[in-house]
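Below: model_39.pdb (PDB, C-alpha atoms)
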ATOM      1  CA  MET A   1       9.236  -6.391   6.823
ATOM      2  CA  THR A   2       6.934  -8.701   4.862
ATOM      3  CA  ILE A   3       4.667 -10.917   6.961
ATOM      4  CA  ARG A   4       4.676 -14.488   5.666
ATOM      5  CA  PHE A   5       3.161 -17.781   6.826
ATOM      6  CA  ASP A   6       5.373 -20.270   4.986
ATOM      7  CA  GLY A   7       5.315 -23.622   6.766
ATOM      8  CA  ARG A   8       2.315 -22.662   8.886
ATOM      9  CA  VAL A   9      -1.016 -24.474   8.904
ATOM     10  CA  ALA A  10      -4.152 -22.384   9.396
ATOM     11  CA  ILE A  11      -7.810 -23.124  10.027
ATOM     12  CA  VAL A  12     -10.314 -20.446   9.048
ATOM     13  CA  THR A  13     -13.910 -21.141  10.041
ATOM     14  CA  GLY A  14     -16.830 -19.736   8.086
ATOM     15  CA  ALA A  15     -14.434 -19.384   5.154
ATOM     16  CA  GLY A  16     -16.839 -20.173   2.315
ATOM     17  CA  ASN A  17     -18.018 -16.579   1.953
ATOM     18  CA  GLY A  18     -17.386 -13.016   3.046
ATOM     19  CA  LEU A  19     -14.789 -12.309   5.699
ATOM     20  CA  GLY A  20     -13.671 -15.902   6.183
ATOM     21  CA  ARG A  21     -13.092 -16.341   2.466
ATOM     22  CA  ALA A  22     -10.976 -13.166   2.365
ATOM     23  CA  HIS A  23      -8.948 -14.331   5.382
ATOM     24  CA  ALA A  24      -8.359 -17.792   3.874
ATOM     25  CA  LEU A  25      -7.241 -16.324   0.540
ATOM     26  CA  GLY A  26      -4.977 -13.857   2.332
ATOM     27  CA  LEU A  27      -3.286 -16.536   4.426
ATOM     28  CA  ALA A  28      -2.787 -18.816   1.428
ATOM     29  CA  ALA A  29      -1.331 -15.984  -0.667
ATOM     30  CA  ARG A  30       1.325 -15.506   2.020
ATOM     31  CA  GLY A  31       2.312 -19.153   2.186
ATOM     32  CA  ALA A  32       0.037 -20.836   4.729
ATOM     33  CA  LYS A  33      -1.625 -24.185   4.158
ATOM     34  CA  VAL A  34      -5.288 -23.448   4.837
ATOM     35  CA  VAL A  35      -8.206 -25.514   6.059
ATOM     36  CA  VAL A  36     -11.198 -23.760   4.523
ATOM     37  CA  ASN A  37     -13.969 -24.614   6.948
ATOM     38  CA  ASP A  38     -17.583 -23.836   6.180
ATOM     39  CA  PHE A  39     -20.702 -25.645   7.306
ATOM     40  CA  GLY A  40     -22.377 -24.229   4.215
ATOM     41  CA  GLY A  41     -25.624 -23.298   5.906
ATOM     42  CA  ALA A  42     -27.905 -20.331   5.441
ATOM     43  CA  ARG A  43     -27.363 -17.072   7.311
ATOM     44  CA  ASP A  44     -29.482 -18.360  10.205
ATOM     45  CA  GLY A  45     -27.442 -21.567  10.469
ATOM     46  CA  THR A  46     -29.887 -23.939   8.763
ATOM     47  CA  GLY A  47     -28.953 -26.325   5.973
ATOM     48  CA  GLY A  48     -25.399 -27.334   5.188
ATOM     49  CA  SER A  49     -23.149 -27.969   2.171
ATOM     50  CA  LEU A  50     -19.450 -28.300   1.371
ATOM     51  CA  THR A  51     -19.820 -26.426  -1.934
ATOM     52  CA  ALA A  52     -18.856 -22.959  -0.650
ATOM     53  CA  ALA A  53     -15.680 -24.233   1.036
ATOM     54  CA  GLU A  54     -14.681 -26.269  -2.029
ATOM     55  CA  THR A  55     -15.058 -23.215  -4.260
ATOM     56  CA  VAL A  56     -12.613 -21.251  -2.080
ATOM     57  CA  VAL A  57     -10.182 -24.186  -2.050
ATOM     58  CA  GLU A  58     -10.270 -24.198  -5.857
ATOM     59  CA  GLU A  59      -9.468 -20.458  -5.858
ATOM     60  CA  ILE A  60      -6.487 -21.014  -3.564
ATOM     61  CA  ARG A  61      -5.158 -23.919  -5.599
ATOM     62  CA  ALA A  62      -5.593 -22.031  -8.872
ATOM     63  CA  ALA A  63      -3.371 -19.289  -7.418
ATOM     64  CA  GLY A  64      -0.703 -21.848  -6.494
ATOM     65  CA  GLY A  65      -1.630 -22.282  -2.839
ATOM     66  CA  THR A  66      -2.415 -25.309  -0.680
ATOM     67  CA  ALA A  67      -5.809 -25.857   0.910
ATOM     68  CA  MET A  68      -8.418 -28.410   1.921
ATOM     69  CA  ALA A  69     -12.144 -28.021   2.439
ATOM     70  CA  ASP A  70     -13.913 -29.037   5.631
ATOM     71  CA  ALA A  71     -17.608 -28.862   6.503
ATOM     72  CA  ALA A  72     -17.388 -29.226  10.292
ATOM     73  CA  ASP A  73     -20.192 -27.545  12.214
ATOM     74  CA  VAL A  74     -18.304 -25.423  14.772
ATOM     75  CA  SER A  75     -21.117 -25.938  17.283
ATOM     76  CA  ASN A  76     -20.342 -29.690  17.272
ATOM     77  CA  PHE A  77     -17.166 -30.395  19.255
ATOM     78  CA  GLU A  78     -16.660 -33.888  17.815
ATOM     79  CA  GLN A  79     -16.711 -32.481  14.284
ATOM     80  CA  VAL A  80     -14.290 -29.701  15.248
ATOM     81  CA  LYS A  81     -11.878 -32.185  16.837
ATOM     82  CA  ALA A  82     -12.050 -34.331  13.705
ATOM     83  CA  MET A  83     -11.224 -31.302  11.545
ATOM     84  CA  VAL A  84      -8.158 -30.477  13.633
ATOM     85  CA  ALA A  85      -7.063 -34.129  13.649
ATOM     86  CA  ARG A  86      -7.401 -34.295   9.870
ATOM     87  CA  ALA A  87      -5.323 -31.157   9.329
ATOM     88  CA  THR A  88      -2.676 -32.373  11.780
ATOM     89  CA  LYS A  89      -2.471 -35.775  10.090
ATOM     90  CA  GLU A  90      -2.197 -34.208   6.634
ATOM     91  CA  TRP A  91       0.130 -31.299   7.396
ATOM     92  CA  GLY A  92       1.677 -32.023  10.815
ATOM     93  CA  SER A  93       0.210 -29.254  12.955
ATOM     94  CA  VAL A  94      -2.323 -26.472  13.309
ATOM     95  CA  ASP A  95      -0.423 -23.266  14.028
ATOM     96  CA  LEU A  96      -3.016 -20.617  13.251
ATOM     97  CA  LEU A  97      -6.735 -20.411  13.961
ATOM     98  CA  CYS A  98      -9.138 -17.750  12.769
ATOM     99  CA  ALA A  99     -12.506 -18.393  14.442
ATOM    100  CA  ASN A 100     -14.788 -16.445  12.141
ATOM    101  CA  ALA A 101     -17.907 -18.599  11.641
ATOM    102  CA  GLY A 102     -21.200 -17.055  12.655
ATOM    103  CA  ILE A 103     -24.924 -16.851  12.112
ATOM    104  CA  LEU A 104     -27.650 -14.285  12.730
ATOM    105  CA  ARG A 105     -31.097 -14.735  14.229
ATOM    106  CA  ASP A 106     -32.072 -11.125  14.878
ATOM    107  CA  LYS A 107     -35.223 -10.315  16.804
ATOM    108  CA  SER A 108     -36.128  -7.772  19.449
ATOM    109  CA  PHE A 109     -35.659  -9.139  22.960
ATOM    110  CA  ALA A 110     -39.433  -9.206  23.531
ATOM    111  CA  LYS A 111     -39.903 -11.474  20.493
ATOM    112  CA  MET A 112     -36.735 -13.572  20.766
ATOM    113  CA  GLU A 113     -37.342 -17.290  21.205
ATOM    114  CA  LEU A 114     -35.077 -19.337  23.462
ATOM    115  CA  ALA A 115     -34.035 -21.430  20.451
ATOM    116  CA  ASP A 116     -32.816 -18.282  18.669
ATOM    117  CA  PHE A 117     -30.710 -17.322  21.675
ATOM    118  CA  ASP A 118     -29.317 -20.820  22.203
ATOM    119  CA  LYS A 119     -28.345 -21.387  18.568
ATOM    120  CA  VAL A 120     -26.445 -18.101  18.257
ATOM    121  CA  ILE A 121     -24.602 -18.796  21.533
ATOM    122  CA  ASP A 122     -23.832 -22.319  20.295
ATOM    123  CA  VAL A 123     -22.289 -21.170  17.018
ATOM    124  CA  HIS A 124     -20.505 -17.991  18.117
ATOM    125  CA  LEU A 125     -19.442 -18.506  21.728
ATOM    126  CA  LYS A 126     -19.372 -22.258  22.151
ATOM    127  CA  GLY A 127     -18.139 -22.702  18.579
ATOM    128  CA  THR A 128     -15.216 -20.370  19.259
ATOM    129  CA  PHE A 129     -14.478 -22.212  22.508
ATOM    130  CA  TYR A 130     -14.599 -25.574  20.726
ATOM    131  CA  CYS A 131     -12.190 -24.439  18.016
ATOM    132  CA  CYS A 132      -9.743 -22.992  20.543
ATOM    133  CA  LYS A 133     -10.017 -26.101  22.720
ATOM    134  CA  ALA A 134      -9.365 -28.430  19.782
ATOM    135  CA  VAL A 135      -6.112 -26.693  18.768
ATOM    136  CA  TRP A 136      -4.905 -25.757  22.270
ATOM    137  CA  ASP A 137      -3.022 -28.905  23.297
ATOM    138  CA  GLY A 138      -1.130 -29.091  20.016
ATOM    139  CA  MET A 139      -0.136 -25.436  20.253
ATOM    140  CA  ARG A 140       1.069 -25.934  23.836
ATOM    141  CA  GLU A 141       3.137 -28.962  22.861
ATOM    142  CA  ARG A 142       4.828 -27.030  20.045
ATOM    143  CA  ASN A 143       5.195 -23.831  22.099
ATOM    144  CA  TYR A 144       3.578 -21.831  19.345
ATOM    145  CA  GLY A 145       0.106 -20.700  18.393
ATOM    146  CA  ARG A 146      -1.709 -17.700  16.992
ATOM    147  CA  ILE A 147      -5.472 -17.368  17.381
ATOM    148  CA  VAL A 148      -7.845 -14.658  16.183
ATOM    149  CA  VAL A 149     -11.406 -14.736  17.485
ATOM    150  CA  THR A 150     -14.200 -12.498  16.245
ATOM    151  CA  THR A 151     -16.244 -10.052  18.282
ATOM    152  CA  SER A 152     -18.590  -7.321  17.041
ATOM    153  CA  SER A 153     -19.527  -3.747  17.751
ATOM    154  CA  SER A 154     -22.968  -5.217  18.522
ATOM    155  CA  GLY A 155     -21.434  -6.806  21.602
ATOM    156  CA  LEU A 156     -18.925  -4.088  22.443
ATOM    157  CA  TYR A 157     -21.417  -1.239  22.090
ATOM    158  CA  GLY A 158     -24.891  -2.730  21.587
ATOM    159  CA  ASN A 159     -27.316  -3.012  18.681
ATOM    160  CA  PHE A 160     -31.099  -3.296  18.677
ATOM    161  CA  GLY A 161     -32.436  -6.782  18.013
ATOM    162  CA  GLN A 162     -29.205  -8.649  18.738
ATOM    163  CA  ALA A 163     -29.342  -9.703  22.388
ATOM    164  CA  ASN A 164     -28.216 -13.215  21.412
ATOM    165  CA  TYR A 165     -25.446 -12.077  19.063
ATOM    166  CA  GLY A 166     -24.225  -9.263  21.337
ATOM    167  CA  ALA A 167     -24.051 -11.547  24.381
ATOM    168  CA  ALA A 168     -22.098 -14.171  22.433
ATOM    169  CA  LYS A 169     -19.690 -11.602  21.013
ATOM    170  CA  MET A 170     -18.839 -10.126  24.419
ATOM    171  CA  GLY A 171     -18.423 -13.633  25.791
ATOM    172  CA  ILE A 172     -15.734 -14.147  23.150
ATOM    173  CA  VAL A 173     -13.825 -11.129  24.494
ATOM    174  CA  GLY A 174     -13.898 -12.691  27.959
ATOM    175  CA  LEU A 175     -12.620 -15.964  26.513
ATOM    176  CA  MET A 176      -9.737 -14.121  24.832
ATOM    177  CA  ASN A 177      -8.759 -12.371  28.064
ATOM    178  CA  VAL A 178      -8.365 -15.668  29.894
ATOM    179  CA  LEU A 179      -6.709 -17.613  27.076
ATOM    180  CA  ALA A 180      -4.186 -14.802  26.545
ATOM    181  CA  ALA A 181      -3.114 -15.153  30.183
ATOM    182  CA  GLU A 182      -2.969 -18.947  30.026
ATOM    183  CA  GLY A 183      -1.190 -19.047  26.667
ATOM    184  CA  ARG A 184       1.688 -16.676  27.411
ATOM    185  CA  LYS A 185       4.162 -19.242  28.743
ATOM    186  CA  THR A 186       3.861 -21.392  25.603
ATOM    187  CA  ASP A 187       3.810 -18.483  23.125
ATOM    188  CA  ILE A 188       0.146 -18.845  22.240
ATOM    189  CA  ARG A 189      -1.077 -15.371  21.387
ATOM    190  CA  ILE A 190      -4.783 -14.706  21.063
ATOM    191  CA  ASN A 191      -6.396 -11.536  19.784
ATOM    192  CA  THR A 192      -9.853 -10.375  18.753
ATOM    193  CA  ILE A 193     -11.039  -8.711  15.561
ATOM    194  CA  SER A 194     -14.149  -6.519  15.540
ATOM    195  CA  PRO A 195     -14.975  -6.258  11.830
ATOM    196  CA  THR A 196     -17.535  -4.295   9.908
ATOM    197  CA  ALA A 197     -17.862  -5.230   6.253
ATOM    198  CA  ALA A 198     -20.280  -5.856   3.433
ATOM    199  CA  THR A 199     -21.214  -9.523   3.790
ATOM    200  CA  ARG A 200     -24.420 -11.506   3.597
ATOM    201  CA  MET A 201     -24.785 -10.832   7.354
ATOM    202  CA  THR A 202     -24.811  -7.039   6.841
ATOM    203  CA  GLU A 203     -26.195  -6.593   3.332
ATOM    204  CA  GLU A 204     -29.680  -5.686   4.553
ATOM    205  CA  LEU A 205     -28.472  -3.231   7.184
ATOM    206  CA  LEU A 206     -26.538  -0.705   5.092
ATOM    207  CA  PRO A 207     -27.164   1.404   1.972
ATOM    208  CA  PRO A 208     -25.482   0.321  -1.293
ATOM    209  CA  GLN A 209     -23.007   3.208  -1.312
ATOM    210  CA  ALA A 210     -21.767   2.226   2.172
ATOM    211  CA  LEU A 211     -21.525  -1.439   1.226
ATOM    212  CA  GLN A 212     -19.271  -0.527  -1.694
ATOM    213  CA  LEU A 213     -16.749   0.992   0.730
ATOM    214  CA  MET A 214     -16.821  -1.972   3.096
ATOM    215  CA  LYS A 215     -15.060  -4.755   1.245
ATOM    216  CA  PRO A 216     -14.323  -7.916   3.279
ATOM    217  CA  ASP A 217     -10.727  -7.672   1.999
ATOM    218  CA  ALA A 218     -10.308  -4.533   4.124
ATOM    219  CA  ILE A 219     -10.498  -6.593   7.335
ATOM    220  CA  THR A 220      -7.981  -9.263   6.350
ATOM    221  CA  PRO A 221      -4.785  -7.167   6.825
ATOM    222  CA  ALA A 222      -5.607  -6.784  10.534
ATOM    223  CA  VAL A 223      -6.355 -10.495  10.885
ATOM    224  CA  LEU A 224      -3.087 -11.460   9.197
ATOM    225  CA  TYR A 225      -1.143  -9.098  11.446
ATOM    226  CA  LEU A 226      -2.802 -10.589  14.547
ATOM    227  CA  LEU A 227      -1.860 -14.099  13.313
ATOM    228  CA  SER A 228       1.762 -13.209  12.581
ATOM    229  CA  ASP A 229       4.912 -14.188  14.486
ATOM    230  CA  ASN A 230       5.242 -10.736  16.051
ATOM    231  CA  ALA A 231       1.574 -10.295  16.897
ATOM    232  CA  PRO A 232       0.535  -8.780  20.224
ATOM    233  CA  THR A 233      -1.713 -10.741  22.543
ATOM    234  CA  ARG A 234      -4.993  -9.808  24.271
ATOM    235  CA  THR A 235      -5.712  -7.023  21.782
ATOM    236  CA  ILE A 236      -9.078  -6.074  20.290
ATOM    237  CA  MET A 237      -8.742  -4.494  16.852
ATOM    238  CA  GLY A 238     -11.589  -2.776  15.072
ATOM    239  CA  ALA A 239     -11.452  -2.787  11.278
ATOM    240  CA  GLY A 240     -13.626  -1.672   8.390
ATOM    241  CA  ALA A 241     -13.454   0.196   5.074
ATOM    242  CA  GLY A 242      -9.691   0.643   5.450
ATOM    243  CA  SER A 243      -9.866   2.035   8.992
ATOM    244  CA  PHE A 244      -8.113   0.235  11.843
ATOM    245  CA  ALA A 245      -8.358   0.920  15.581
ATOM    246  CA  VAL A 246      -7.661  -0.652  18.963
ATOM    247  CA  VAL A 247     -10.547  -1.108  21.400
ATOM    248  CA  LYS A 248      -9.945  -0.985  25.163
ATOM    249  CA  ILE A 249     -12.237  -1.735  28.095
ATOM    250  CA  LEU A 250     -11.511   1.014  30.615
ATOM    251  CA  GLU A 251     -12.173   1.403  34.330
ATOM    252  CA  SER A 252     -12.304   4.769  36.065
ATOM    253  CA  GLU A 253      -9.868   5.487  38.899
ATOM    254  CA  GLY A 254     -12.861   5.508  41.224
ATOM    255  CA  ILE A 255     -12.920   6.628  44.854
ATOM    256  CA  ASN A 256     -12.862   4.875  48.197
ATOM    257  CA  LEU A 257     -15.649   5.652  50.643
ATOM    258  CA  ALA A 258     -15.504   5.432  54.410
ATOM    259  CA  GLU A 259     -17.561   2.584  55.816
ATOM    260  CA  ALA A 260     -20.136   5.044  57.131
ATOM    261  CA  ASP A 261     -20.756   6.044  53.500
ATOM    262  CA  TRP A 262     -21.382   2.542  52.162
ATOM    263  CA  THR A 263     -24.905   3.560  51.187
ATOM    264  CA  PRO A 264     -26.696   4.032  47.882
ATOM    265  CA  ASP A 265     -27.222   7.677  48.874
ATOM    266  CA  ALA A 266     -23.466   8.254  49.116
ATOM    267  CA  ILE A 267     -22.974   6.535  45.758
ATOM    268  CA  ALA A 268     -25.502   8.944  44.242
ATOM    269  CA  GLU A 269     -23.802  11.924  45.899
ATOM    270  CA  HIS A 270     -20.319  10.940  44.675
ATOM    271  CA  PHE A 271     -21.269   9.430  41.319
ATOM    272  CA  GLY A 272     -19.603  12.252  39.389
ATOM    273  CA  ALA A 273     -16.224  11.422  40.948
ATOM    274  CA  ILE A 274     -16.805   7.672  40.697
ATOM    275  CA  SER A 275     -17.518   7.939  36.975
ATOM    276  CA  ASP A 276     -14.752  10.448  36.167
ATOM    277  CA  MET A 277     -12.780   8.862  33.306
ATOM    278  CA  SER A 278      -9.872  11.340  33.295
ATOM    279  CA  LYS A 279      -7.569   8.772  34.957
ATOM    280  CA  ALA A 280      -9.205   5.669  33.483
ATOM    281  CA  GLU A 281      -7.039   2.617  32.819
ATOM    282  CA  ALA A 282      -7.301  -0.568  30.813
ATOM    283  CA  LEU A 283      -6.656  -3.197  33.465
ATOM    284  CA  GLU A 284      -4.600  -6.207  32.434
ATOM    285  CA  GLY A 285      -6.224  -8.841  34.626
ATOM    286  CA  ALA A 286      -8.948  -9.502  37.182
ATOM    287  CA  PHE A 287      -6.590  -9.355  40.171
ATOM    288  CA  GLN A 288      -5.347  -5.915  39.138
ATOM    289  CA  GLN A 289      -8.799  -4.560  39.941
ATOM    290  CA  THR A 290      -8.732  -6.248  43.348
ATOM    291  CA  GLN A 291      -5.267  -4.833  44.069
ATOM    292  CA  LYS A 292      -6.414  -1.339  43.149
ATOM    293  CA  TYR A 293      -9.422  -1.446  45.461
ATOM    294  CA  VAL A 294      -7.412  -2.890  48.341
ATOM    295  CA  ALA A 295      -4.709  -0.240  47.862
ATOM    296  CA  GLN A 296      -7.314   2.528  47.949
ATOM    297  CA  ALA A 297      -8.877   1.089  51.100
ATOM    298  CA  ALA A 298      -5.472   0.686  52.758
ATOM    299  CA  ALA A 299      -4.555   4.297  51.922
ATOM    300  CA  ARG A 300      -7.769   5.535  53.534
ATOM    301  CA  ALA A 301      -7.135   3.416  56.635
ATOM    302  CA  GLY A 302      -3.452   4.318  56.841
ATOM    303  CA  VAL A 303      -2.516   0.642  56.574
ATOM    304  CA  LYS A 304       0.791  -0.408  54.993
ATOM    305  CA  LEU A 305       0.471  -3.444  52.718
TER     306      LEU A 305
END

Kindly return the structure encoded in the file as structure tokens.
Amino acid sequence: MTIRFDGRVAIVTGAGNGLGRAHALGLAARGAKVVVNDFGGARDGTGGSLTAAETVVEEIRAAGGTAMADAADVSNFEQVKAMVARATKEWGSVDLLCANAGILRDKSFAKMELADFDKVIDVHLKGTFYCCKAVWDGMRERNYGRIVVTTSSSGLYGNFGQANYGAAKMGIVGLMNVLAAEGRKTDIRINTISPTAATRMTEELLPPQALQLMKPDAITPAVLYLLSDNAPTRTIMGAGAGSFAVVKILESEGINLAEADWTPDAIAEHFGAISDMSKAEALEGAFQQTQKYVAQAAARAGVKL
């Protein structure tokens, strides 16, 4: 089966360079009309220019594809709404969204200024929310939508000097979890990519020989799969250097303690059993956790639910 996007309209944010550029080119090569969005700023989010986006549009058109450039700042909701309105007016819909745009303002937590935290949250977390919000109503009306948002191992697992970036990237996972539940009835599927690649955001962090293995093009196959008709929903995929994986957030089976043992001392005594991951599960929703705890308590009390 060949995955195609003929007749689909896609927005890719941060598409002037690196990962976003690769995703935009990949979508266009498989038939999508692509809005190449890039604010055109520096790595820390300062400045701004349409040049990078226009260059990618020229590449797509030279290869026989259809694209338009857009310089909306994803941290500005009015600009994001205008971008979606423009694409809808020109091409009739927005069916696919890849929220990829991001910036870095790395500093240790002790040295991090509030402005550095706020700006990264604005671009990554609020920017992703704004993009999803701007396409959501149209996708619901048409009973179709595919969204890929972008997390990071820095959020999933932690990385020194990235409290702002890590917090934003885990917030995006939480956003996906909720939107996946709310989008099911209108066939809006939303998934998350956790990429690692050689881009201007990672070029100073890795040795040259590693960067050579980590082409941005290696991430795009996973993104295109997650944007396809038969995509899953509520899935986190890791990708890099040709490796692909699924990431799950797991919860241990846990134990139920008698009320007399609701003490920190009992927690310490039983922590080995509490943290035993041999029967861990990836829960599918917030209420599933509640149901599990209530069922354990009812079993201890001999109560039938």

* **Surrounding residues of segment 288-297 of chain A excluding itself and chain neighbours under 2 positions, 12 Å, all atoms listed in the file, as a ChimeraX atom specification** => /A:250-259,281-286,299-305

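This file, filtered with the PyMOL selection byres ((chain A and resi 54) around 12), gives the residues Ala15, Gly16, Asn17, Arg21, Val34, Val35, Val36, Asn37, Asp38, Phe39, Gly40, Ser49, Leu50, Thr51, Ala52, Ala53, Thr55, Val56, Val57, Glu58, Glu59, Ile60, Arg61, Ala67, Met68, Ala69, Asp70 and Ala71 of chain A.
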
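Considering all atoms listed in the file, the residue among A:Trp136, A:Trp91, A:Phe160, A:Tyr165 positioned nearest to Val120 of chain A is A:Tyr165.
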
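Distance annotation: of A:Val9, A:Leu226, A:Ala241, A:Met1, the residue with the minimal separation from Leu211 of chain A is A:Ala241; atom set is only C-alpha atoms.
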
Pull out every residue that the PyMOL selection byres ((chain A and resi 29) around 10) matches in the shown coordinates and put them as a compact mmCIF listing (two decimals) with C-alpha atoms, in the frame of the given file.
# COMPACT_ATOMS: atom_id res chain seq x y z
CA ARG A 4 4.68 -14.49 5.67
CA PHE A 5 3.16 -17.78 6.83
CA ASP A 6 5.37 -20.27 4.99
CA HIS A 23 -8.95 -14.33 5.38
CA ALA A 24 -8.36 -17.79 3.87
CA LEU A 25 -7.24 -16.32 0.54
CA GLY A 26 -4.98 -13.86 2.33
CA LEU A 27 -3.29 -16.54 4.43
CA ALA A 28 -2.79 -18.82 1.43
CA ARG A 30 1.32 -15.51 2.02
CA GLY A 31 2.31 -19.15 2.19
CA ALA A 32 0.04 -20.84 4.73
CA LYS A 33 -1.62 -24.18 4.16
CA ILE A 60 -6.49 -21.01 -3.56
CA ALA A 63 -3.37 -19.29 -7.42
CA GLY A 64 -0.70 -21.85 -6.49
CA GLY A 65 -1.63 -22.28 -2.84
CA THR A 66 -2.42 -25.31 -0.68

* **Nearest candidate to Pro232 of chain A (options A:Val148, A:Ala280, A:Met214, A:Ala163; using all atoms listed in the file)** => A:Val148

* If you count only C-alpha atoms, which residues fall within 8 Å of Thr186 of chain A, apart from same-chain ones fewer than 4 positions away, as a count of residues only? -> 5

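Across the structure, atom CA of Ala210 of chain A and atom CA of Asn159 of chain A are spaced 18.2 Å apart.
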
* Which polymer residues, protein or nucleic acid, are no farther than 9 Å from (-20.2, -22.4, 14.0), counting all atoms listed in the file, as a PyMOL selection string? -> chain A and resi 13-14+38-39+45+72-76+99-103+120+122-128

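One distance worth recording is that between atom CA of Lys111 of chain A and atom CA of Pro195 of chain A, which is 26.9 Å.
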
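Around the coordinate (-1.9, -35.3, 15.1), residues that reach within 12 Å when counting all atoms listed in the file are Lys81, Ala82, Met83, Val84, Ala85, Arg86, Ala87, Thr88, Lys89, Glu90, Trp91, Gly92, Ser93, Val94, Ala134, Val135, Asp137, Gly138, Met139, Glu141 and Arg142 of chain A.
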
Written selection (C-alpha atoms) as a tab-separated table (two decimals), in the frame of the given file:
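Output contents, as saved in part-v2.tsv:
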chain	number	residue	atom	x	y	z
A	81	LYS	CA	-11.88	-32.18	16.84
A	82	ALA	CA	-12.05	-34.33	13.70
A	83	MET	CA	-11.22	-31.30	11.54
A	84	VAL	CA	-8.16	-30.48	13.63
A	85	ALA	CA	-7.06	-34.13	13.65
A	86	ARG	CA	-7.40	-34.30	9.87
A	87	ALA	CA	-5.32	-31.16	9.33
A	88	THR	CA	-2.68	-32.37	11.78
A	89	LYS	CA	-2.47	-35.78	10.09
A	90	GLU	CA	-2.20	-34.21	6.63
A	91	TRP	CA	0.13	-31.30	7.40
A	92	GLY	CA	1.68	-32.02	10.82
A	93	SER	CA	0.21	-29.25	12.96
A	94	VAL	CA	-2.32	-26.47	13.31
A	134	ALA	CA	-9.36	-28.43	19.78
A	135	VAL	CA	-6.11	-26.69	18.77
A	137	ASP	CA	-3.02	-28.90	23.30
A	138	GLY	CA	-1.13	-29.09	20.02
A	139	MET	CA	-0.14	-25.44	20.25
A	141	GLU	CA	3.14	-28.96	22.86
A	142	ARG	CA	4.83	-27.03	20.05

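Of note, atom CA of Pro216 of chain A and atom CA of Val178 of chain A are spaced 28.4 Å apart.
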
Identify, on the basis of all atoms listed in the file, every residue whose closest approach to Thr192 of chain A does not exceed 7 Å; exclude the query and any residue fewer than 6 positions from it along the same chain; express the result as a PDB file with C-alpha atoms, in the frame of the given file.
ATOM      1  CA  VAL A 148      -7.845 -14.658  16.183  1.00  0.00           C
ATOM      2  CA  VAL A 149     -11.406 -14.736  17.485  1.00  0.00           C
ATOM      3  CA  THR A 150     -14.200 -12.498  16.245  1.00  0.00           C
ATOM      4  CA  THR A 151     -16.244 -10.052  18.282  1.00  0.00           C
ATOM      5  CA  THR A 235      -5.712  -7.023  21.782  1.00  0.00           C
ATOM      6  CA  ILE A 236      -9.078  -6.074  20.290  1.00  0.00           C
ATOM      7  CA  MET A 237      -8.742  -4.494  16.852  1.00  0.00           C
TER       8      MET A 237
END

Box along x, y and z, 4 Å on every side, all listed atoms of segment 241-255 of chain A inside: centre and edge lengths in Å to one decimal, as AutoDock Vina command-line options.
--center_x -10.6 --center_y 2.4 --center_z 25.0 --size_x 13.8 --size_y 16.4 --size_z 47.8

* Convert the output of the PyMOL selection byres ((chain A and resi 191) around 12) on the shown file into explicit residues, formatted as a VMD selection string. => chain A and resid 96 to 99 132 145 to 151 172 to 181 183 188 to 190 192 to 194 222 to 228 231 to 238 246 to 247

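Residue nearest Gly161 of chain A within the list A:Val12, A:Ile267, A:Leu19, A:Ala110: A:Ala110 [criterion: smallest interatomic distance, all atoms listed in the file].
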